[in-house]
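**Student:** target.cif is reproduced in full below (mmCIF, C-alpha atoms and all ligand atoms).
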```
data_model
loop_
_atom_site.label_atom_id
_atom_site.label_comp_id
_atom_site.auth_asym_id
_atom_site.auth_seq_id
_atom_site.Cartn_x
_atom_site.Cartn_y
_atom_site.Cartn_z
CA MET M 865 0.00 0.00 0.00
CA SER M 866 2.94 2.37 0.58
CA ASP M 867 6.68 2.84 0.59
CA THR M 868 6.83 1.44 4.10
CA GLU M 869 5.98 -2.05 2.95
CA ASN M 870 9.60 -3.23 2.92
CA ARG M 871 10.11 -2.41 6.57
CA ARG M 872 9.19 -4.67 9.42
CA PRO M 873 5.88 -3.26 10.61
CA GLU M 874 5.75 -2.12 14.21
CA THR M 875 3.16 -3.72 16.40
CA GLY M 876 3.82 -2.35 19.91
CA ALA M 877 1.26 -0.42 21.90
CA PHE M 878 1.69 3.35 22.00
CA PHE M 879 3.03 5.34 24.93
CA GLN M 880 0.28 6.71 27.12
CA ARG M 881 -0.71 10.18 26.00
CA ASP M 882 0.47 12.99 28.31
CA ARG M 883 -2.90 14.69 28.68
CA ASP M 884 -1.34 17.62 30.62
CA TRP M 885 0.76 18.49 27.57
CA HIS M 886 -2.33 18.67 25.37
CA PRO M 887 -5.13 21.19 25.89
CA PRO M 888 -7.93 20.01 28.18
CA ALA M 889 -11.37 19.41 26.64
CA PHE M 890 -12.93 22.11 28.84
CA ALA M 891 -11.14 25.43 28.36
CA PRO M 892 -13.59 28.29 29.06
CA GLY M 893 -11.32 30.94 27.49
CA TYR M 894 -12.24 29.23 24.22
CA LYS M 895 -15.99 29.58 24.57
CA THR M 896 -17.11 26.93 22.09
CA SER M 897 -15.35 24.28 24.19
CA VAL M 898 -17.76 24.88 27.08
CA LEU M 899 -20.66 22.93 25.53
CA ARG M 900 -18.48 20.58 23.49
CA SER M 901 -16.23 19.15 26.22
CA PRO M 902 -16.82 15.79 27.86
CA ARG M 903 -16.90 16.27 31.65
CA LYS M 904 -16.56 12.70 32.84
CA ALA M 905 -13.23 10.92 33.19
CA LEU M 906 -11.93 9.20 30.07
CA LEU M 907 -11.82 5.40 30.21
CA SER M 908 -8.17 4.41 30.14
CA LEU M 909 -7.15 1.19 28.49
CA ASP M 910 -3.92 -0.15 27.04
CA ASN M 911 -4.03 -0.26 23.23
CA THR M 912 -5.67 -3.22 21.55
CA ILE M 913 -5.17 -4.27 17.92
CA SER M 914 -7.89 -1.75 17.08
CA GLU M 915 -5.64 1.16 18.13
CA ILE M 916 -2.24 -0.34 17.22
CA THR M 917 -3.32 -0.67 13.59
CA GLY M 918 -4.35 2.20 11.37
CA PRO M 919 -4.92 3.14 7.76
CA VAL M 920 -1.82 3.87 5.67
CA PHE M 921 -2.03 5.80 2.41
CA GLY M 922 -0.01 5.30 -0.74
CA HIS M 923 1.40 7.91 -3.08
CA SER M 924 -1.21 6.92 -5.64
CA ILE M 925 -3.72 9.20 -3.90
CA LEU M 926 -1.54 12.25 -4.49
CA GLY M 927 -1.89 14.62 -7.43
CA GLU M 928 1.07 16.50 -8.83
CA LEU M 929 0.10 19.84 -7.26
CA ASP M 930 -1.23 18.53 -3.95
CA ASN M 931 1.74 20.00 -2.05
CA ASP M 932 1.69 23.32 -3.90
CA LEU M 933 -1.03 25.60 -2.55
CA ILE M 934 0.27 28.46 -4.68
CA HIS M 935 -0.85 26.63 -7.81
CA ASN M 936 -3.27 23.82 -6.95
CA PHE M 937 -6.35 26.04 -7.16
CA ALA M 938 -4.98 28.74 -9.46
CA LYS M 939 -5.97 29.24 -13.06
CA PRO M 940 -3.33 28.07 -15.53
CA GLY M 941 -0.44 30.52 -15.61
CA GLU M 942 -1.61 32.32 -12.47
CA SER M 943 -0.70 31.91 -8.81
CA ALA M 944 -1.97 32.75 -5.36
CA ILE M 945 -1.23 36.20 -3.94
CA GLY M 946 0.91 36.51 -0.85
CA GLU M 947 4.33 35.94 0.66
CA ARG M 948 5.72 32.78 -0.89
CA ILE M 949 6.93 30.27 1.69
CA ILE M 950 8.17 26.69 1.89
CA VAL M 951 7.05 24.66 4.92
CA HIS M 952 9.08 21.54 5.56
CA GLY M 953 10.08 19.28 8.40
CA ARG M 954 9.96 15.72 9.65
CA VAL M 955 7.38 13.53 11.30
CA LEU M 956 9.00 11.64 14.17
CA ASP M 957 7.68 9.49 16.97
CA GLU M 958 8.37 10.09 20.65
CA ARG M 959 11.42 7.84 20.40
CA GLY M 960 12.85 10.17 17.76
CA ARG M 961 12.40 7.72 14.92
CA PRO M 962 11.16 8.96 11.54
CA VAL M 963 7.58 8.11 10.63
CA ALA M 964 7.70 7.22 6.94
CA GLY M 965 4.55 7.15 4.85
CA ALA M 966 2.63 9.52 7.14
CA LEU M 967 -0.22 11.35 5.40
CA LEU M 968 -0.25 15.08 6.17
CA GLU M 969 -3.20 17.23 5.18
CA PHE M 970 -3.07 20.99 5.73
CA TRP M 971 -5.43 23.93 5.30
CA GLN M 972 -5.22 27.64 5.86
CA ALA M 973 -6.61 31.12 5.21
CA ASN M 974 -5.35 33.20 2.29
CA ALA M 975 -2.83 36.04 2.63
CA GLY M 976 -5.59 38.38 3.82
CA GLY M 977 -6.81 35.99 6.52
CA ARG M 978 -9.88 34.82 4.61
CA TYR M 979 -10.93 31.17 4.29
CA ARG M 980 -12.66 29.78 1.22
CA HIS M 981 -15.67 28.43 3.11
CA LYS M 982 -19.38 29.12 2.91
CA LYS M 983 -19.59 29.84 6.64
CA GLU M 984 -16.75 32.37 6.58
CA SER M 985 -18.00 35.96 7.00
CA TYR M 986 -14.78 37.99 7.44
CA LEU M 987 -14.82 41.01 5.15
CA ALA M 988 -11.30 40.37 3.81
CA ALA M 989 -11.21 39.51 0.11
CA LEU M 990 -11.09 36.03 -1.39
CA ASP M 991 -8.15 35.29 -3.67
CA PRO M 992 -9.58 33.69 -6.84
CA ASN M 993 -6.36 31.69 -7.19
CA PHE M 994 -6.17 30.28 -3.66
CA GLY M 995 -8.14 27.26 -2.42
CA GLY M 996 -6.35 26.69 0.87
CA CYS M 997 -5.86 22.91 1.07
CA GLY M 998 -2.95 20.59 0.37
CA ARG M 999 -1.52 17.23 1.33
CA THR M 1000 1.61 15.13 1.12
CA ILE M 1001 3.14 11.89 2.42
CA THR M 1002 6.42 11.68 4.31
CA ASP M 1003 9.39 9.95 2.69
CA GLU M 1004 11.65 7.23 4.15
CA ASN M 1005 13.25 9.78 6.52
CA GLY M 1006 9.92 11.11 7.69
CA SER M 1007 10.51 14.32 5.71
CA TYR M 1008 7.86 16.39 3.98
CA VAL M 1009 7.70 19.69 2.12
CA PHE M 1010 5.03 21.90 0.64
CA ARG M 1011 4.80 25.34 -0.90
CA THR M 1012 2.20 27.94 0.00
CA ILE M 1013 1.67 31.59 0.84
CA ARG M 1014 1.94 32.87 4.38
CA PRO M 1015 -1.62 33.02 5.75
CA GLY M 1016 -2.96 36.23 7.24
CA ALA M 1017 -4.22 36.70 10.79
CA TYR M 1018 -7.99 36.93 11.18
CA PRO M 1019 -10.58 38.00 13.76
CA TRP M 1020 -13.07 35.49 15.15
CA PRO M 1021 -16.10 35.67 17.41
CA ASN M 1022 -15.04 34.65 20.93
CA GLY M 1023 -14.13 37.72 22.95
CA VAL M 1024 -15.05 41.09 21.48
CA ASN M 1025 -11.61 41.51 19.94
CA ASP M 1026 -10.01 38.08 19.54
CA TRP M 1027 -7.73 37.37 16.59
CA ARG M 1028 -6.05 34.21 15.41
CA PRO M 1029 -2.32 34.50 14.81
CA ALA M 1030 -1.20 33.37 11.35
CA HIS M 1031 -1.40 29.57 11.36
CA ILE M 1032 -1.64 26.47 9.22
CA HIS M 1033 -3.87 23.57 10.30
CA PHE M 1034 -2.30 20.09 10.09
CA SER M 1035 -3.95 16.68 10.18
CA VAL M 1036 -1.56 13.74 10.64
CA PHE M 1037 -1.89 9.97 10.28
CA GLY M 1038 0.91 7.79 11.61
CA HIS M 1039 0.79 4.00 11.39
CA GLY M 1040 -1.68 3.38 14.22
CA PHE M 1041 -5.07 4.99 14.69
CA ALA M 1042 -4.03 5.91 18.26
CA GLN M 1043 -1.52 8.35 16.71
CA ARG M 1044 -4.23 10.34 14.92
CA LEU M 1045 -3.60 14.03 15.51
CA ILE M 1046 -4.83 17.46 14.42
CA THR M 1047 -2.81 20.52 15.32
CA GLN M 1048 -1.81 24.00 14.13
CA MET M 1049 1.53 25.50 13.15
CA TYR M 1050 2.39 29.08 14.12
CA PHE M 1051 5.15 31.37 12.83
CA GLU M 1052 8.26 32.46 14.72
CA GLY M 1053 8.14 36.01 15.98
CA ASP M 1054 4.37 36.53 15.80
CA PRO M 1055 3.36 38.49 18.92
CA MET M 1056 -0.28 37.43 18.45
CA ILE M 1057 0.49 33.82 19.37
CA TRP M 1058 0.53 34.80 23.04
CA LYS M 1059 -2.81 36.65 22.85
CA CYS M 1060 -4.82 33.83 21.25
CA PRO M 1061 -7.42 31.97 23.35
CA ILE M 1062 -7.05 28.83 21.23
CA VAL M 1063 -3.28 28.77 21.69
CA GLY M 1064 -4.02 29.54 25.35
CA THR M 1065 -5.92 26.28 25.80
CA ILE M 1066 -2.45 24.74 26.12
CA ALA M 1067 -1.18 25.26 29.66
CA ASP M 1068 2.55 24.69 29.26
CA ALA M 1069 4.51 27.38 27.38
CA ARG M 1070 7.01 24.72 26.26
CA ALA M 1071 4.17 22.83 24.58
CA ILE M 1072 3.08 26.03 22.80
CA GLU M 1073 6.66 26.58 21.62
CA GLN M 1074 6.54 23.11 20.07
CA LEU M 1075 3.92 24.53 17.66
CA ILE M 1076 5.99 27.55 16.55
CA ALA M 1077 7.95 26.99 13.34
CA PRO M 1078 11.27 28.85 13.16
CA LEU M 1079 12.33 30.73 10.07
CA ASP M 1080 14.78 28.36 8.35
CA TRP M 1081 17.12 30.81 6.71
CA ALA M 1082 19.46 28.12 5.41
CA ASN M 1083 16.68 26.58 3.33
CA THR M 1084 15.31 29.84 2.00
CA ILE M 1085 15.24 29.81 -1.80
CA PRO M 1086 16.95 33.04 -2.94
CA MET M 1087 14.73 35.40 -4.91
CA ASP M 1088 11.78 33.03 -4.43
CA ALA M 1089 10.52 31.82 -1.03
CA ARG M 1090 11.45 31.82 2.63
CA ALA M 1091 11.41 28.51 4.47
CA TYR M 1092 9.85 27.54 7.82
CA LYS M 1093 10.67 24.25 9.52
CA PHE M 1094 7.97 22.41 11.42
CA ASP M 1095 8.67 19.02 12.95
CA ILE M 1096 5.75 16.94 14.19
CA VAL M 1097 6.00 14.29 16.90
CA LEU M 1098 3.50 11.43 17.07
CA ARG M 1099 3.04 8.95 19.91
CA GLY M 1100 5.89 6.43 20.16
CA ARG M 1101 5.50 2.69 20.41
CA ARG M 1102 6.59 0.64 23.38
CA SER M 1103 9.12 -2.06 22.65
CA THR M 1104 7.48 -5.45 22.60
CA PHE M 1105 10.00 -7.15 24.90
CA PHE M 1106 8.50 -9.57 27.40
CA GLU M 1107 4.85 -8.75 26.70
CA ASN M 1108 2.50 -10.52 29.10
CA ARG M 1109 0.78 -12.67 26.50
CA PRO M 1110 -0.32 -16.22 27.25
CA GLU M 1111 2.37 -18.78 26.33
CA GLY M 1112 2.28 -19.84 22.71
CA ASN M 1113 0.29 -16.82 21.61
CA MET E 974 22.45 12.96 37.24
CA VAL E 975 21.40 9.99 35.17
CA GLN E 976 21.39 9.34 31.46
CA ASN E 977 18.77 11.15 29.39
CA LEU E 978 16.06 8.85 28.03
CA GLY E 979 15.94 11.07 24.98
CA TYR E 980 12.21 10.76 24.36
CA LEU E 981 10.44 13.58 22.56
CA LYS E 982 7.10 15.07 23.58
CA GLU E 983 4.10 14.45 21.36
CA THR E 984 3.08 17.52 19.35
CA PRO E 985 0.19 19.09 21.27
CA SER E 986 -3.26 18.98 19.71
CA GLN E 987 -5.19 22.05 18.59
CA THR E 988 -8.82 22.25 17.54
CA ALA E 989 -9.69 21.37 13.94
CA GLY E 990 -11.68 24.62 13.93
CA PRO E 991 -14.75 25.62 11.91
CA TYR E 992 -13.08 25.16 8.53
CA VAL E 993 -11.89 21.56 8.88
CA HIS E 994 -13.75 20.74 5.66
CA ILE E 995 -11.34 22.85 3.61
CA GLY E 996 -8.52 20.53 4.55
CA LEU E 997 -10.15 17.12 4.98
CA THR E 998 -13.25 17.10 2.77
CA PRO E 999 -12.71 20.01 0.34
CA ASN E 1000 -15.22 18.74 -2.22
CA PHE E 1001 -17.88 18.60 0.50
CA GLY E 1002 -16.80 22.10 1.55
CA GLY E 1003 -17.27 23.52 -1.92
CA ILE E 1004 -13.63 23.50 -3.08
CA SER E 1005 -13.65 21.41 -6.22
CA GLY E 1006 -10.89 20.69 -8.67
CA VAL E 1007 -8.07 20.19 -6.18
CA TYR E 1008 -8.69 16.54 -5.22
CA GLU E 1009 -10.66 14.16 -7.40
CA ARG E 1010 -12.78 13.06 -4.46
CA ASP E 1011 -12.75 13.38 -0.70
CA LEU E 1012 -10.62 10.81 1.10
CA GLY E 1013 -12.56 8.23 3.10
CA SER E 1014 -15.88 8.90 1.37
CA SER E 1015 -16.19 5.25 0.38
CA MET E 1016 -15.14 2.19 2.40
CA VAL E 1017 -16.65 -0.62 0.34
CA ASN E 1018 -16.99 -1.66 -3.28
CA GLU E 1019 -19.15 -4.30 -5.01
CA LYS E 1020 -16.66 -7.06 -4.10
CA THR E 1021 -16.37 -6.33 -0.38
CA LEU E 1022 -17.05 -9.41 1.75
CA GLY E 1023 -19.45 -9.44 4.64
CA GLU E 1024 -22.76 -8.09 5.83
CA ARG E 1025 -23.49 -4.59 4.53
CA ILE E 1026 -24.57 -2.14 7.21
CA THR E 1027 -25.31 1.57 7.47
CA VAL E 1028 -24.41 3.58 10.53
CA THR E 1029 -26.03 6.97 10.94
CA GLY E 1030 -25.85 9.28 13.92
CA ARG E 1031 -25.23 12.71 15.32
CA VAL E 1032 -22.83 14.38 17.74
CA ILE E 1033 -24.82 16.27 20.37
CA ASP E 1034 -23.53 19.14 22.50
CA GLY E 1035 -24.25 20.02 26.13
CA ALA E 1036 -27.32 22.06 25.13
CA GLY E 1037 -28.83 19.14 23.22
CA ALA E 1038 -28.06 20.48 19.74
CA PRO E 1039 -26.36 18.37 17.06
CA LEU E 1040 -22.98 19.61 15.81
CA ARG E 1041 -23.34 20.64 12.18
CA ASP E 1042 -19.63 21.32 11.69
CA ALA E 1043 -18.03 18.16 13.08
CA LEU E 1044 -15.96 15.58 11.24
CA ILE E 1045 -16.06 11.90 12.10
CA GLU E 1046 -13.58 9.19 11.18
CA ILE E 1047 -14.12 5.50 11.80
CA TRP E 1048 -11.67 2.61 11.80
CA GLN E 1049 -12.73 -1.02 11.90
CA ALA E 1050 -11.84 -4.58 11.04
CA ASP E 1051 -13.24 -6.37 8.01
CA ALA E 1052 -15.92 -9.06 8.22
CA ALA E 1053 -13.27 -11.64 9.22
CA GLY E 1054 -11.91 -9.47 12.03
CA LEU E 1055 -8.75 -8.33 10.22
CA TYR E 1056 -7.53 -4.74 9.81
CA ASN E 1057 -6.37 -3.36 6.47
CA SER E 1058 -3.11 -2.10 7.99
CA PRO E 1059 0.62 -2.93 7.72
CA SER E 1060 0.58 -3.46 11.50
CA GLU E 1061 -1.97 -6.28 11.17
CA MET E 1062 0.08 -9.43 11.81
CA ARG E 1063 -2.67 -12.04 11.86
CA GLY E 1064 -3.37 -12.27 8.13
CA ALA E 1065 -4.39 -10.36 5.03
CA ALA E 1066 -7.54 -8.29 5.29
CA ASP E 1067 -10.16 -8.08 2.54
CA PRO E 1068 -8.46 -5.96 -0.18
CA ASN E 1069 -11.86 -4.60 -1.15
CA PHE E 1070 -12.45 -3.00 2.22
CA THR E 1071 -10.49 0.01 3.48
CA GLY E 1072 -11.62 -0.21 7.10
CA TRP E 1073 -11.38 3.57 7.33
CA GLY E 1074 -14.04 6.15 6.62
CA ARG E 1075 -14.40 9.90 7.01
CA CYS E 1076 -17.69 11.81 7.06
CA PRO E 1077 -18.56 15.42 7.91
CA THR E 1078 -21.81 15.94 9.78
CA SER E 1079 -24.49 17.52 7.63
CA ALA E 1080 -24.73 21.31 7.68
CA GLU E 1081 -28.53 20.97 7.79
CA ASP E 1082 -29.28 18.49 10.58
CA GLY E 1083 -25.89 17.30 11.81
CA THR E 1084 -26.19 13.66 10.75
CA PHE E 1085 -23.32 11.47 9.57
CA VAL E 1086 -23.66 8.29 7.50
CA PHE E 1087 -21.22 5.43 6.95
CA GLU E 1088 -21.84 2.61 4.48
CA THR E 1089 -19.70 -0.25 5.69
CA VAL E 1090 -19.70 -3.91 6.72
CA LYS E 1091 -20.20 -5.48 10.09
CA PRO E 1092 -16.75 -6.10 11.58
CA GLY E 1093 -15.63 -9.49 12.85
CA ARG E 1094 -14.32 -10.13 16.35
CA ILE E 1095 -10.75 -9.29 17.34
CA PRO E 1096 -8.71 -10.72 20.20
CA PHE E 1097 -7.87 -8.60 23.23
CA LYS E 1098 -4.22 -8.79 24.30
CA ASP E 1099 -4.90 -11.73 26.65
CA GLY E 1100 -6.50 -13.74 23.83
CA ARG E 1101 -10.13 -13.21 24.87
CA LEU E 1102 -12.30 -12.04 21.98
CA MET E 1103 -13.62 -8.49 21.95
CA ALA E 1104 -17.16 -7.93 20.72
CA PRO E 1105 -17.50 -6.52 17.18
CA HIS E 1106 -16.86 -2.79 17.35
CA ILE E 1107 -16.05 0.30 15.30
CA THR E 1108 -13.61 2.96 16.54
CA PHE E 1109 -14.92 6.53 16.26
CA TRP E 1110 -12.78 9.69 16.26
CA ILE E 1111 -14.52 13.07 16.45
CA VAL E 1112 -13.05 16.51 15.77
CA ALA E 1113 -14.75 19.91 15.47
CA ARG E 1114 -14.57 23.55 16.43
CA GLY E 1115 -14.56 23.63 20.23
CA ILE E 1116 -13.01 20.17 20.54
CA ASN E 1117 -9.41 20.70 21.63
CA ILE E 1118 -8.23 17.15 21.14
CA GLY E 1119 -9.88 14.46 18.99
CA LEU E 1120 -12.37 12.38 20.97
CA GLN E 1121 -12.13 8.64 20.67
CA THR E 1122 -14.90 6.17 21.41
CA ARG E 1123 -16.31 2.86 20.16
CA LEU E 1124 -19.57 1.68 18.68
CA TYR E 1125 -20.79 -1.77 19.75
CA PHE E 1126 -23.77 -3.57 18.22
CA PRO E 1127 -27.18 -3.98 19.90
CA ASP E 1128 -27.65 -7.49 18.45
CA GLU E 1129 -24.44 -8.84 20.02
CA ALA E 1130 -25.59 -9.09 23.63
CA ALA E 1131 -23.57 -12.23 24.41
CA ALA E 1132 -20.36 -10.88 22.88
CA ASN E 1133 -20.88 -7.48 24.49
CA ALA E 1134 -21.31 -9.10 27.90
CA GLU E 1135 -17.84 -10.60 27.69
CA ASP E 1136 -16.12 -7.66 25.99
CA PRO E 1137 -13.04 -6.60 28.01
CA LEU E 1138 -13.54 -2.89 27.34
CA LEU E 1139 -17.25 -2.83 28.15
CA GLN E 1140 -16.54 -4.84 31.30
CA ARG E 1141 -14.14 -2.14 32.46
CA ILE E 1142 -16.95 0.43 32.64
CA GLU E 1143 -18.15 0.56 36.20
CA HIS E 1144 -21.69 1.83 35.64
CA ARG E 1145 -23.97 -0.19 33.39
CA HIS E 1146 -25.85 2.85 32.06
CA ARG E 1147 -22.52 4.33 31.00
CA ALA E 1148 -21.59 1.18 29.08
CA GLU E 1149 -24.88 1.46 27.21
CA THR E 1150 -23.72 4.76 25.67
CA LEU E 1151 -21.40 2.69 23.46
CA VAL E 1152 -24.12 0.40 22.11
CA ALA E 1153 -25.78 1.60 18.90
CA GLY E 1154 -29.53 1.66 18.42
CA GLY E 1155 -31.49 0.26 15.50
CA ARG E 1156 -30.94 -3.19 14.10
CA ALA E 1157 -29.26 -4.85 11.13
CA PRO E 1158 -28.62 -3.48 8.58
CA ASN E 1159 -29.40 0.05 9.82
CA TYR E 1160 -27.76 1.14 13.04
CA HIS E 1161 -27.98 4.51 14.75
CA PHE E 1162 -25.29 5.91 17.01
CA ASP E 1163 -25.68 9.29 18.73
CA ILE E 1164 -22.60 10.61 20.50
CA HIS E 1165 -23.35 12.84 23.50
CA LEU E 1166 -20.55 15.19 24.46
CA GLN E 1167 -22.01 16.07 27.87
CA GLY E 1168 -24.90 15.53 30.27
CA GLU E 1169 -26.87 12.57 31.55
CA LYS E 1170 -26.16 10.53 28.45
CA GLU E 1171 -22.51 11.57 28.03
CA THR E 1172 -20.79 8.97 25.85
CA VAL E 1173 -17.85 7.09 27.34
CA PHE E 1174 -14.72 8.49 25.68
CA LEU E 1175 -11.45 6.62 25.69
CA ASP E 1176 -7.87 7.40 26.64
CA ILE E 1177 -6.36 4.54 24.72
FE FE R 1 -7.83 28.61 11.25
#
```
Hey, can you dump this file as structure tokens for me?
**Tutor:**
Amino acid sequence: MSDTENRRPETGAFFQRDRDWHPPAFAPGYKTSVLRSPRKALLSLDNTISEITGPVFGHSILGELDNDLIHNFAKPGESAIGERIIVHGRVLDERGRPVAGALLEFWQANAGGRYRHKKESYLAALDPNFGGCGRTITDENGSYVFRTIRPGAYPWPNGVNDWRPAHIHFSVFGHGFAQRLITQMYFEGDPMIWKCPIVGTIADARAIEQLIAPLDWANTIPMDARAYKFDIVLRGRRSTFFENRPEGN
Amino acid sequence: MVQNLGYLKETPSQTAGPYVHIGLTPNFGGISGVYERDLGSSMVNEKTLGERITVTGRVIDGAGAPLRDALIEIWQADAAGLYNSPSEMRGAADPNFTGWGRCPTSAEDGTFVFETVKPGRIPFKDGRLMAPHITFWIVARGINIGLQTRLYFPDEAAANAEDPLLQRIEHRHRAETLVAGGRAPNYHFDIHLQGEKETVFLDI
């Protein structure tokens, strides 16, 4: 199904999730979470085969422009308006090992902070050449790259004057469904990161910093695009030494 | 001082937000021409083995209203109890069944629909069989980290009674939140985020 087929598949259970590192379900500063947050304790259980396994996607699903948001919605010969950037990085697990064959899907607002969505009401203009979605699959080293424009900041109804810092949404599949993750990437040096109620759902400043992509000057393409580097870490697998399975199983 | 274990921290989750459709189901969201079709929109084809079923449902908030901007993914075994995954070591799953589906809830009434097959039973780590089940993963605006739960089947009372996960739930009425309504081939599964009927969510 994918490039990872030649490797020995991993079958260990995943490390327990550090729920204090993630935002809690109930975070009243982000008002929508109030009615959408479970209030009872989660049921904790070691992974079963249902969580250890997960869908894996092959390169056959990808179109040629899927990782080029500057062109994948643009009319022929035209391109999206905005600051041209490259976003690249690696998908690793908590043991620091590359996650090859990970499907990444990303979406974002245009350079003016406007999303192409029927529910979007911000008065900023749509860019006729920008759709706002892309996807790619990590290579053998867990590396990925895509090209886009730097998204704009935008206001949103929460407090009277709340704004989202510039960000790109990421959805990530690893090799097990327990690794499924959605997150957001922010940009180094943006003072609005620290004013945002959605960023603020995360308690630990070090965890927030894990979402801020540094400007990667070395990989900037001269006269073309600046680069930002964003590494993503998925849950790691326990080693399967001495598992307490019945003999002969 | 001791040696450093060298483990990394998992990237923290952030909400999928109100525009999750742009990224994950762009055709549904009105962005056509980028992807041929939305990923996960079809799990079966005409050759898929097993009993065809339909699962419909809603995700209901603490005020009793269905979420009309949520996105649901499901992951399940095929009719023989095998997962279509490289980490499946017990045998080859049905190549005509993906095991994975993705569906946005309707903007009108908040329903989701999955056309799939009834999954077979899968062993728990101690070798006991789990009851047939489907893993659900729910993201939306206002949900800070994807919620995971399971659907079990109402016509599997004997298997459900010996299921290791259901047995772990202390209160019987809580366990019932994981059992779908309806009957073959049309099941209904409402997920309650809060309140009296709050669904059991998993940290797994
Ligand atoms: Fe956003």
**Student:** Determine, using all atoms listed in the file, which residues of chain E have any atom at most 8 Å from an atom of ligand FE 1 (chain R), and tabulate each with its shortest atom pair and distance in Å to one decimal place, rows ordered by chain and then rising number, as JSON lines.
**Tutor:**
```
{"residue": "E:Ala989", "atom": "CA", "partner": "R:FE1", "partner_atom": "FE", "distance": 7.9}
{"residue": "E:Gly990", "atom": "CA", "partner": "R:FE1", "partner_atom": "FE", "distance": 6.2}
{"residue": "E:Pro991", "atom": "CA", "partner": "R:FE1", "partner_atom": "FE", "distance": 7.6}
{"residue": "E:Tyr992", "atom": "CA", "partner": "R:FE1", "partner_atom": "FE", "distance": 6.8}
```
**Student:** How would the residues just picked look written out with C-alpha atoms as a PDB file, in the frame of the given file?
**Tutor:**
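File selection01.pdb, as written:
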```pdb
ATOM      1  CA  ALA E 989      -9.690  21.370  13.940  1.00  0.00           C
ATOM      2  CA  GLY E 990     -11.680  24.620  13.930  1.00  0.00           C
ATOM      3  CA  PRO E 991     -14.750  25.620  11.910  1.00  0.00           C
ATOM      4  CA  TYR E 992     -13.080  25.160   8.530  1.00  0.00           C
TER       5      TYR E 992
END
```
**Student:** For the atom pair atom CA of Phe1010 of chain M and atom CA of Asp932 of chain M, what is the interatomic distance in Å to one decimal place?
**Tutor:**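 Taking atom CA of Phe1010 of chain M as the start and atom CA of Asp932 of chain M as the end point, the length is 5.8 Å.
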**Student:** If we count all atoms listed in the file and set the cut-off at 10 Å, which residues sit around Gly1054 of chain E, ignoring sequence neighbours fewer than 5 positions away in its own chain? Please answer as a VMD selection string.
**Tutor:** chain E and resid 1049 1063 to 1064 1066 to 1067 1091 to 1096 1105 to 1106
**Student:** When you count only C-alpha atoms, which of these residues is closest to Tyr1160 of chain E: E:Val1028, E:Ile1045, E:Ala1134, E:Cys1076?
**Tutor:**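 Of the candidates, the smallest distance to Tyr1160 of chain E is held by E:Val1028.
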**Student:** With distances taken over all atoms listed in the file, which of E:Ala1104, E:Leu997, E:Val1173, E:Ala1130 is nearest to Ile1142 of chain E?
**Tutor:**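 For Ile1142 of chain E, the nearest of the candidates is E:Val1173.
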**Student:** With a distance cut-off of 12 Å and only C-alpha atoms, select the neighbouring residues of segment 1083-1086 of chain M, excluding the residue or stretch itself and same-chain residues fewer than 2 positions from it, and output the selection as an mmCIF file with C-alpha atoms, in the coordinates of the input.
**Tutor:**
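Okay, result15.cif is ready:
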```cif
data_model
loop_
_atom_site.group_PDB
_atom_site.id
_atom_site.type_symbol
_atom_site.label_atom_id
_atom_site.label_comp_id
_atom_site.auth_asym_id
_atom_site.auth_seq_id
_atom_site.Cartn_x
_atom_site.Cartn_y
_atom_site.Cartn_z
ATOM 1 C CA ARG M 948 5.720 32.780 -0.890
ATOM 2 C CA ILE M 949 6.930 30.270 1.690
ATOM 3 C CA ILE M 950 8.170 26.690 1.890
ATOM 4 C CA VAL M 951 7.050 24.660 4.920
ATOM 5 C CA HIS M 952 9.080 21.540 5.560
ATOM 6 C CA GLY M 953 10.080 19.280 8.400
ATOM 7 C CA VAL M 1009 7.700 19.690 2.120
ATOM 8 C CA ARG M 1011 4.800 25.340 -0.900
ATOM 9 C CA PRO M 1078 11.270 28.850 13.160
ATOM 10 C CA LEU M 1079 12.330 30.730 10.070
ATOM 11 C CA ASP M 1080 14.780 28.360 8.350
ATOM 12 C CA TRP M 1081 17.120 30.810 6.710
ATOM 13 C CA ASP M 1088 11.780 33.030 -4.430
ATOM 14 C CA ALA M 1089 10.520 31.820 -1.030
ATOM 15 C CA ARG M 1090 11.450 31.820 2.630
ATOM 16 C CA ALA M 1091 11.410 28.510 4.470
ATOM 17 C CA TYR M 1092 9.850 27.540 7.820
ATOM 18 C CA LYS M 1093 10.670 24.250 9.520
#
```
**Student:** May I ask for the distance between atom CA of Ile1013 of chain M and atom CA of Arg1044 of chain M, given in Å to one decimal place?
**Tutor:**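 Computing it gives 26.2 Å between the two atoms.
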**Student:** Need to verify the contact set: Ile1032 of chain M, 12 Å, all atoms listed in the file, exclusion of same-chain residues closer than 3 positions in sequence. Can you return it as a ChimeraX atom specification?
**Tutor:** /M:933,951,968-975,977,979,996-998,1010,1012-1017,1028-1029,1035,1046-1051,1075-1077,1092,1094 /E:987-990,992-993,995-996
**Student:** Leaving out Arg1025 of chain E and any residue of its chain fewer than 5 positions from it, which residues lie within 10 Å of it when counting only C-alpha atoms, given as JSON, numbers by chain?
**Tutor:** {"E": [1017, 1052, 1088, 1089, 1090, 1091, 1092, 1157, 1158, 1159]}
**Student:** I'd like the interatomic distance between atom CA of Trp1020 of chain M and atom CA of Val1032 of chain E, to a tenth of an Å.
**Tutor:**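 Spanning atom CA of Trp1020 of chain M to atom CA of Val1032 of chain E is a straight-line distance of 23.4 Å.
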**Student:** Could you list, as a list in words, every residue within 8 Å of Gly893 of chain M, counting only C-alpha atoms and ignoring same-chain residues fewer than 5 positions away?
**Tutor:**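 Listing them by chain and then by number gives Pro1061, Ile1062, Gly1064 and Thr1065 of chain M.
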